[in-house]
Amino acid sequence: MDNEIQLISDGDGLAVIGNPTDVEHFLASEGLLSLSRDLGLQRLGPLLHAGAGVAQAGSEIAANSGCWLKMTKESAHLVRKFGLMESKTPGVNYAMVGKPGSIESWLQIAKGPGSLLTNPAILAGAAGIMAQLARQHEMSEIKSYLATIDKKVDDVLRAQKDAELAKVFGAGLDIESAMTFLERKCRVDDDTWSTVQGRTHTITDALGWALGRLDALAERVESTTKIGDLAKITKKAEPKVQELLTVVARCFELQDALDVLRLERVLDKSPDELDGHRLVLKDDRQKRRELILQKIEHLMARMDAAAGTTNSNVLLHLPAHRAVVGSINHVGIAVAEFHRPLGIESGRHSLEATRWWDATRDPTQLKNAAAEAGRKAAIGAGVAVVGVAGVWASRAALAREERGEEE
């Protein structure tokens, strides 16, 4: 059959391999050509060993080209459309599709994979290269995210008093230099690798520091019960959370770069071990993502609980309630922006401040206000009465403003 192409998916991306013209026509027909990038199929050469089938595999690589796509809703549609099958390479699925004769649409070919996919080493190698491209894509997205932040990540790192955290700045210089070498030389030599292989601990220590600070913020919010104090703490948390997310993003970017360099090193030096390294790095990355999300979700849960506390005490603490809700919404926006380059759907909705006029018609609000006024009266009746009267007068004015805005 003419016009045959091969599809490979590793969950993070999709590779389309075949005759260059056929690959281009297929992607164009699916509206994905502009989103693809070169797979670098020729890099699979080191995986070929002496023996039967080597010449054929080599000629297949030379005759074909490949394109890679980040796994999105659009590319995932292709996986579902053509029903990719499991391969013997863990986590990798494949399919053969073609456009026979005058038939317009591309169809799955029942006869199974072509010669490239029958070679386990080549399939594992393709998965390794796809893993590199996924990391590089994520690095690009993180760079774009960091570029939108007013305070540059290097300034944030240098401003910290923790000496270990400051080392991330130097680690970043070494890792970026190694990535430049890889782009220009298409390999990672001994000298280049020696400058970066020990930098993993620097990155993980900094990541641990940032996540620890997020935990500390969550605990501080959780342990605060006074409404006024909650307003102050959540306000101070706004810039601090942004700084910590900046550090986390930079650590994730540098770890992605180290993964790319490590996979390239293995492909060059020990190609038989490439698939094992790919799986280990993928597992480590998933655990890292889950830990980061867990810490962020814990912080947001504590802040939402703080909003709930102030939401139950609007009558006497309207300004503080509004301040807390505003600060939490700002933090929520920062978290959503952080999630975006990691391909994480936020799904979070902004909180709405309770209007004072609505609170006056809520029995729980009235009960909480009366209880607090009673406690204050027990301490100083005269001060409490005057204070509460003033508060209610000001709240009534705000209520009139709210009703006027509605009208």
# chains A, B, ... in the order shown; residues from 1 in each chain; ligands from 1
$ residues_around --residues "Arg302 of chain A" --least-positions-apart "5" --cutoff "8 Å" --atoms "only C-alpha atoms" --output "PyMOL selection string"
chain A and resi 218-219+221-222
$ select_by_dssp --residues "segment 107-272 of chain A" --states "helix (DSSP H, G or I)" --output "ChimeraX atom specification"
/A:115-118,120-147,153-159,163-185,190-196,200-223,227-269,271-272
$ closest_residue --among "A:Ser327, A:Thr89, A:Asn3, A:Thr21" --to "Val241 of chain A" --atoms "only C-alpha atoms"
A:Ser327
$ closest_atom_pairs --of "segment 237-295 of chain A" --to "segment 138-147 of chain A" --cutoff "7 Å" --atoms "only C-alpha atoms" --output "CSV"
residue,atom,partner,partner_atom,distance
A:Thr246,CA,A:Leu146,CA,6.9
A:Ala249,CA,A:Ile142,CA,6.6
A:Glu253,CA,A:Met139,CA,5.1
A:Asp256,CA,A:Met139,CA,6.7
$ residues_around --residues "segment 210-214 of chain A" --least-positions-apart "5" --cutoff "9 Å" --atoms "only C-alpha atoms" --output "list in words"
Asp205, Glu219, Lys240, Val241, Leu244, Leu245, Val247, Val248, Leu291, Ile292, Lys295, Ile296, His298 and Leu299 of chain A
$ write_last_selection --atoms "C-alpha atoms" --output "compact mmCIF listing (two decimals), in the first residue's frame"
# COMPACT_ATOMS: atom_id res chain seq x y z
CA ASP A 205 17.77 20.93 47.41
CA GLU A 219 0.71 26.19 58.41
CA LYS A 240 5.82 35.31 48.61
CA VAL A 241 3.87 32.57 46.82
CA LEU A 244 8.35 30.49 45.55
CA LEU A 245 6.50 29.35 42.42
CA VAL A 247 11.88 29.12 42.13
CA VAL A 248 9.93 25.87 41.68
CA LEU A 291 4.73 16.38 45.12
CA ILE A 292 4.64 19.94 43.81
CA LYS A 295 2.08 21.17 48.30
CA ILE A 296 0.27 23.79 46.24
CA HIS A 298 -2.43 22.01 50.53
CA LEU A 299 -1.66 25.74 50.60
$ residues_around --residues "Val196 of chain A" --least-positions-apart "2" --cutoff "12 Å" --atoms "only C-alpha atoms" --output "number ranges by chain"
A: 168, 170-179, 188-194, 198-203, 254-255, 257-262, 265
